[in-house]
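A short worksheet on the structure shown next.
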Amino acid sequence: MSAIFCSRRQALAGLFLTATGCDLFRSLGDGKSPLTTMLPPLEKPADKAGSPAATIRMARLEACIASRPLNDHKTRKLVWEELDESGLMAPEQRQRLNDSGFRLGVAGSSTPWAVLSLAEDAVRPAATDGTTGMPPVPANAADGGFGTVFTLLQGGQSYLEIQSDLDESRLPLQQIPQLATLRNPSQIRCVLELSVRDLSSDWVLLNLLPIIYSGSSTARLTIEQNAEKLPIRQNMLPLYEQQLQVRLLAGEIAVLGRYAAQDPLKWTVGSLFFQPYSEPGATERILMVRMNAIETLQGRSDTSFRPGPQAAGKI
């Protein structure tokens with residue numbers, strides 16, 4: 001009787017071991033068994049250096065600022081005849097843009113003659129914070145380039161200085177409510193902040209934010225490229241109501257200038273940026289930004305790196 005009981009107990013033990021063994025191997029395959037919590041986690045595939053691979057996209061752009069005599073026929077008419085203005089935004093948005101004194105158009109990948117001609121008169125954009133920074137990279141004329149080459153990552157910024165050291169005594173600042181409240185309207189500079197809102201494999205959504213710098217320059221401690229610096233900075237007034245966005249394909253050029261209102265005495269933010277003075281001998285400026293390509297970089301993320309505060313990119 002005891003022998004029969006022992007054989008039954010051994011048989012039950014064998015069945016139990018067989019069942020738990022099947023469950024164990026099954027748990028390694030589907031991860032649903034509680035036994036998997038006792039096992040060390042499986043490591044994710046890594047590259048040869050032991051870090052997960054990362055893909056980064058960035059837009060490679062060119063920018064130039066042309067300066068022409070006031071009421072020049074080329075900047076007033078010829079350039080805008082070759083640009084697409086109506087397809088960029090809704091009519092009410094374009095009306096608000098024009099009321100602010102700005103005019104935006106896009107040239108296709110086949111660049112019009114008038115735009116290329118303006119690029120020949122372009123000036124190199126300057127840095128905005130008083131520091132020398134990294135020198136801009138001029139485009140190679142043999143490659144059809146016409147401006148300063150720079151790159152933008154999503155979330156990064158670059159700055160273009162359109163006007164500098166304007167004489168406030170010659171500017172009707174009281175006609176613009178945002179500028180009438182400036183605490184110190186001296187040494188006014190007009191700057192555009194360029195940033196990327198979105199990008200794909202062949203297009204970029206570019207955001208342009210007008211910023212007014214004014215007042216006396218003050219040295220402030222920052223850390224740039226792992227080195228302590230004392231850049232000279234001013235008061236900053238971002239004009240968020242006047243910011244605009246434009247979608248650019250590879251080879252297309254965004255052109256931003258002053259919108260000439262029917263009333264010649266009307267003065268706007270666009271006038272301050274592109275035509276601050278109206279006396280004889282004054283000049284008018286126009287900005288051109290070309291999207292050259294979307295570049296993709298393969299890299300590895302280093303979780304041990306903790307960046308410090310960095311100044312925004314400049315061109």
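For the structure tokens, the naming scheme is as follows: chains receive sequential letters (A, B, ...) according to their order of presentation, residues are indexed from 1 within each chain, and ligands are indexed from 1 in presentation order.
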
Write out as a short mmCIF file (atom, residue, chain, number, x, y, z; two decimals) with N, CA and C atoms, in the first residue's frame the residues lying within 10 Å of stretch 208-219 of chain A, counting only C-alpha atoms and excluding same-chain residues fewer than 3 positions away.
data_model
loop_
_atom_site.label_atom_id
_atom_site.label_comp_id
_atom_site.auth_asym_id
_atom_site.auth_seq_id
_atom_site.Cartn_x
_atom_site.Cartn_y
_atom_site.Cartn_z
N THR A 128 24.18 89.12 -32.94
CA THR A 128 23.25 90.01 -32.27
C THR A 128 23.62 90.37 -30.85
N ASP A 129 24.59 89.73 -30.25
CA ASP A 129 24.83 89.96 -28.82
C ASP A 129 26.15 90.67 -28.54
N GLY A 130 26.80 91.20 -29.55
CA GLY A 130 28.02 91.95 -29.33
C GLY A 130 29.26 91.12 -29.27
N GLN A 157 17.73 78.03 -32.33
CA GLN A 157 17.49 79.35 -32.86
C GLN A 157 18.76 79.93 -33.46
N SER A 158 18.57 80.77 -34.46
CA SER A 158 19.62 81.63 -34.99
C SER A 158 19.03 83.02 -35.14
N TYR A 159 19.91 84.03 -35.19
CA TYR A 159 19.45 85.41 -35.17
C TYR A 159 20.07 86.20 -36.32
N LEU A 160 19.23 86.99 -36.99
CA LEU A 160 19.66 87.85 -38.07
C LEU A 160 19.42 89.31 -37.66
N GLU A 161 20.46 90.09 -37.73
CA GLU A 161 20.33 91.51 -37.42
C GLU A 161 20.02 92.27 -38.69
N ILE A 162 18.84 92.89 -38.75
CA ILE A 162 18.40 93.62 -39.93
C ILE A 162 18.84 95.08 -39.88
N GLN A 163 18.68 95.73 -38.71
CA GLN A 163 19.10 97.11 -38.52
C GLN A 163 19.85 97.22 -37.20
N SER A 164 20.77 98.17 -37.13
CA SER A 164 21.55 98.34 -35.90
C SER A 164 21.78 99.82 -35.63
N ASP A 165 21.85 100.16 -34.33
CA ASP A 165 22.20 101.52 -33.88
C ASP A 165 21.35 102.58 -34.57
N LEU A 166 20.03 102.40 -34.53
CA LEU A 166 19.13 103.39 -35.12
C LEU A 166 19.02 104.61 -34.21
N GLU A 168 16.96 107.09 -32.41
CA GLU A 168 15.56 107.16 -31.97
C GLU A 168 14.94 108.52 -32.21
N LEU A 179 6.14 99.94 -29.08
CA LEU A 179 7.42 100.63 -28.98
C LEU A 179 7.31 101.93 -28.20
N LEU A 182 8.79 101.73 -24.56
CA LEU A 182 10.17 101.35 -24.31
C LEU A 182 10.76 102.24 -23.22
N ARG A 183 11.39 101.63 -22.23
CA ARG A 183 11.97 102.41 -21.13
C ARG A 183 13.16 103.23 -21.59
N ASN A 184 13.94 102.66 -22.47
CA ASN A 184 15.12 103.36 -22.99
C ASN A 184 15.20 103.09 -24.49
N PRO A 185 14.68 103.99 -25.33
CA PRO A 185 14.62 103.73 -26.77
C PRO A 185 15.91 104.03 -27.52
N SER A 186 17.01 104.12 -26.82
CA SER A 186 18.28 104.43 -27.49
C SER A 186 18.91 103.16 -28.05
N GLN A 187 19.79 103.34 -29.04
CA GLN A 187 20.56 102.25 -29.64
C GLN A 187 19.67 101.09 -30.08
N ILE A 188 18.62 101.41 -30.80
CA ILE A 188 17.65 100.39 -31.23
C ILE A 188 18.27 99.51 -32.31
N ARG A 189 18.06 98.21 -32.16
CA ARG A 189 18.46 97.23 -33.17
C ARG A 189 17.27 96.34 -33.48
N CYS A 190 17.12 95.97 -34.75
CA CYS A 190 16.03 95.11 -35.20
C CYS A 190 16.60 93.75 -35.57
N VAL A 191 16.09 92.71 -34.94
CA VAL A 191 16.62 91.36 -35.08
C VAL A 191 15.48 90.40 -35.36
N LEU A 192 15.75 89.42 -36.20
CA LEU A 192 14.80 88.34 -36.46
C LEU A 192 15.35 87.05 -35.87
N GLU A 193 14.53 86.39 -35.05
CA GLU A 193 14.89 85.07 -34.52
C GLU A 193 14.31 84.01 -35.45
N LEU A 194 15.18 83.15 -35.97
CA LEU A 194 14.78 82.06 -36.85
C LEU A 194 14.82 80.76 -36.06
N SER A 195 13.74 80.01 -36.12
CA SER A 195 13.67 78.72 -35.44
C SER A 195 12.86 77.75 -36.29
N VAL A 196 13.04 76.47 -36.01
CA VAL A 196 12.35 75.41 -36.75
C VAL A 196 11.22 74.86 -35.91
N THR A 222 27.51 84.45 -19.07
CA THR A 222 26.91 83.27 -19.66
C THR A 222 28.01 82.25 -19.91
N LYS A 229 31.86 83.62 -20.51
CA LYS A 229 32.00 84.84 -21.27
C LYS A 229 31.13 85.93 -20.66
N LEU A 230 31.42 87.17 -21.02
CA LEU A 230 30.64 88.31 -20.60
C LEU A 230 30.13 89.05 -21.84
N PRO A 231 29.13 88.50 -22.52
CA PRO A 231 28.63 89.18 -23.71
C PRO A 231 27.89 90.46 -23.36
N ILE A 232 27.88 91.38 -24.29
CA ILE A 232 27.20 92.65 -24.11
C ILE A 232 25.77 92.50 -24.61
N ARG A 233 24.82 92.78 -23.73
CA ARG A 233 23.42 92.59 -24.08
C ARG A 233 22.61 93.84 -23.76
N GLN A 234 21.42 93.91 -24.41
CA GLN A 234 20.51 95.03 -24.23
C GLN A 234 19.15 94.51 -23.77
N ASN A 235 18.23 95.47 -23.54
CA ASN A 235 16.85 95.08 -23.29
C ASN A 235 16.26 94.46 -24.55
N MET A 236 15.42 93.47 -24.38
CA MET A 236 14.88 92.71 -25.50
C MET A 236 13.37 92.72 -25.45
N LEU A 237 12.73 93.05 -26.59
CA LEU A 237 11.27 93.10 -26.68
C LEU A 237 10.82 92.22 -27.84
N PRO A 238 10.43 90.97 -27.58
CA PRO A 238 9.91 90.11 -28.66
C PRO A 238 8.50 90.57 -29.06
N LEU A 239 8.26 90.63 -30.36
CA LEU A 239 6.95 91.03 -30.89
C LEU A 239 6.22 89.78 -31.35
N TYR A 240 5.61 89.06 -30.39
CA TYR A 240 4.99 87.78 -30.69
C TYR A 240 3.79 87.93 -31.63
N GLU A 241 3.10 89.05 -31.59
CA GLU A 241 1.94 89.23 -32.46
C GLU A 241 2.34 89.35 -33.92
N GLN A 242 3.60 89.70 -34.18
CA GLN A 242 4.07 89.86 -35.55
C GLN A 242 4.87 88.67 -36.06
N GLN A 243 4.99 87.61 -35.28
CA GLN A 243 5.77 86.47 -35.76
C GLN A 243 5.00 85.75 -36.86
N LEU A 244 5.74 85.09 -37.74
CA LEU A 244 5.13 84.43 -38.88
C LEU A 244 5.85 83.13 -39.18
N GLN A 245 5.18 82.26 -39.92
CA GLN A 245 5.72 80.95 -40.28
C GLN A 245 5.63 80.76 -41.78
N VAL A 246 6.58 80.03 -42.32
CA VAL A 246 6.58 79.73 -43.74
C VAL A 246 7.16 78.33 -43.94
N LEU A 256 11.38 88.36 -47.26
CA LEU A 256 10.66 89.18 -46.29
C LEU A 256 11.11 90.62 -46.44
N VAL A 269 5.88 98.52 -37.78
CA VAL A 269 7.03 97.72 -37.35
C VAL A 269 7.85 97.31 -38.57
N GLY A 270 7.19 96.97 -39.66
CA GLY A 270 7.91 96.64 -40.88
C GLY A 270 8.76 97.79 -41.38
N LEU A 272 10.21 100.00 -39.45
CA LEU A 272 11.37 100.05 -38.57
C LEU A 272 12.41 99.01 -38.97
N PHE A 273 11.96 97.82 -39.36
CA PHE A 273 12.90 96.75 -39.70
C PHE A 273 13.56 96.97 -41.07
#

Contacts of A:Arg258 at 7 Å (only C-alpha atoms; same-chain gap of 4+ positions) as a list in words: Gly101, Phe102, Arg103, Gly270, Ser271 and Phe274 of chain A

Residues just named, written with all heavy atoms as a compact mmCIF listing (two decimals), in the first residue's frame:
# COMPACT_ATOMS: atom_id res chain seq x y z
N GLY A 101 3.15 95.96 -41.54
CA GLY A 101 4.21 96.50 -42.37
C GLY A 101 5.14 95.47 -42.96
O GLY A 101 6.16 95.84 -43.55
N PHE A 102 4.79 94.17 -42.85
CA PHE A 102 5.64 93.11 -43.40
C PHE A 102 5.01 92.53 -44.66
O PHE A 102 3.77 92.49 -44.80
CB PHE A 102 5.84 91.99 -42.38
CG PHE A 102 6.67 92.38 -41.19
CD1 PHE A 102 6.09 92.59 -39.95
CD2 PHE A 102 8.05 92.55 -41.31
CE1 PHE A 102 6.85 92.95 -38.86
CE2 PHE A 102 8.81 92.92 -40.22
CZ PHE A 102 8.22 93.12 -38.99
N ARG A 103 5.88 92.06 -45.53
CA ARG A 103 5.45 91.41 -46.76
C ARG A 103 6.28 90.16 -46.95
O ARG A 103 7.51 90.21 -46.91
CB ARG A 103 5.62 92.35 -47.95
CG ARG A 103 4.98 91.86 -49.25
CD ARG A 103 5.09 92.92 -50.33
NE ARG A 103 4.38 92.51 -51.55
CZ ARG A 103 4.31 93.26 -52.65
NH1 ARG A 103 4.92 94.44 -52.69
NH2 ARG A 103 3.65 92.82 -53.70
N GLY A 270 7.19 96.97 -39.66
CA GLY A 270 7.91 96.64 -40.88
C GLY A 270 8.76 97.79 -41.38
O GLY A 270 9.86 97.57 -41.92
N SER A 271 8.27 99.02 -41.21
CA SER A 271 9.08 100.18 -41.59
C SER A 271 10.34 100.26 -40.75
O SER A 271 11.42 100.55 -41.26
CB SER A 271 8.25 101.46 -41.43
OG SER A 271 7.08 101.42 -42.22
N PHE A 274 12.79 97.41 -42.05
CA PHE A 274 13.32 97.41 -43.42
C PHE A 274 13.48 98.80 -44.04
O PHE A 274 14.22 98.94 -45.00
CB PHE A 274 12.42 96.54 -44.31
CG PHE A 274 12.43 95.09 -43.92
CD1 PHE A 274 11.38 94.53 -43.23
CD2 PHE A 274 13.51 94.29 -44.24
CE1 PHE A 274 11.39 93.19 -42.86
CE2 PHE A 274 13.55 92.95 -43.88
CZ PHE A 274 12.48 92.40 -43.19

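For the pair atom CA of A:Glu252 and atom CA of A:Arg96, the separation is 23.9 Å.
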
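Coordinates place atom CA of A:Ser200 at a distance of 26.7 Å from atom CA of A:Gly257.
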
Spatial neighbours of A:Gln298, max dist 7 Å, only C-alpha atoms, sep filter under 2 positions, as an MDAnalysis selection string: chainID A and resid 53:56 296

Any chance you can output those residues with N, CA, C and O atoms as a short mmCIF file (atom, residue, chain, number, x, y, z; two decimals), in the first residue's frame?
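Resulting contents of selection-v3.cif:
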data_model
loop_
_atom_site.label_atom_id
_atom_site.label_comp_id
_atom_site.auth_asym_id
_atom_site.auth_seq_id
_atom_site.Cartn_x
_atom_site.Cartn_y
_atom_site.Cartn_z
N ALA A 53 21.61 53.91 -31.05
CA ALA A 53 21.78 54.83 -32.17
C ALA A 53 20.67 55.86 -32.17
O ALA A 53 19.54 55.58 -31.78
N ALA A 54 20.97 57.08 -32.62
CA ALA A 54 20.01 58.17 -32.70
C ALA A 54 20.11 58.84 -34.05
O ALA A 54 21.19 58.92 -34.63
N THR A 55 18.98 59.31 -34.55
CA THR A 55 18.92 60.01 -35.82
C THR A 55 18.49 61.45 -35.56
O THR A 55 17.48 61.68 -34.89
N ILE A 56 19.24 62.38 -36.08
CA ILE A 56 18.96 63.80 -35.90
C ILE A 56 18.81 64.45 -37.27
O ILE A 56 19.65 64.26 -38.14
N THR A 296 20.51 64.55 -42.45
CA THR A 296 20.27 63.56 -41.40
C THR A 296 21.59 63.07 -40.86
O THR A 296 22.47 62.66 -41.62
#

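Take atom CA of A:Ala180 and atom CA of A:Tyr259: the distance between them is 21.2 Å.
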
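If you count only C-alpha atoms and ignore residues fewer than 3 places along the chain from A:Arg197, what sits within 9 Å of it is Gln154, Gly155, Val204, Leu205, Leu206, Asn207 and Gln245 of chain A.
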
Quick one: write out the picked residues with N, CA and C atoms as an mmCIF file, in the first residue's frame?
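Written file, part_35.cif:
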data_model
loop_
_atom_site.group_PDB
_atom_site.id
_atom_site.type_symbol
_atom_site.label_atom_id
_atom_site.label_comp_id
_atom_site.auth_asym_id
_atom_site.auth_seq_id
_atom_site.Cartn_x
_atom_site.Cartn_y
_atom_site.Cartn_z
ATOM 1 N N GLN A 154 15.668 71.288 -34.823
ATOM 2 C CA GLN A 154 14.350 71.576 -34.277
ATOM 3 C C GLN A 154 14.499 71.967 -32.812
ATOM 4 N N GLY A 155 13.973 73.129 -32.473
ATOM 5 C CA GLY A 155 14.118 73.667 -31.125
ATOM 6 C C GLY A 155 15.279 74.627 -30.981
ATOM 7 N N VAL A 204 10.816 72.219 -44.390
ATOM 8 C CA VAL A 204 10.989 72.749 -43.046
ATOM 9 C C VAL A 204 9.937 73.820 -42.803
ATOM 10 N N LEU A 205 9.394 73.856 -41.599
ATOM 11 C CA LEU A 205 8.472 74.912 -41.185
ATOM 12 C C LEU A 205 9.276 75.915 -40.371
ATOM 13 N N LEU A 206 9.553 77.064 -40.997
ATOM 14 C CA LEU A 206 10.437 78.068 -40.421
ATOM 15 C C LEU A 206 9.613 79.144 -39.722
ATOM 16 N N ASN A 207 9.988 79.477 -38.500
ATOM 17 C CA ASN A 207 9.310 80.520 -37.723
ATOM 18 C C ASN A 207 10.224 81.738 -37.616
ATOM 19 N N GLN A 245 5.181 82.258 -39.917
ATOM 20 C CA GLN A 245 5.723 80.953 -40.277
ATOM 21 C C GLN A 245 5.627 80.759 -41.777
#

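Closest approach to A:Gly281 among A:Glu120, A:Asp263, A:Asp72, A:Asp99 is made by A:Asp72 (distances from only C-alpha atoms).
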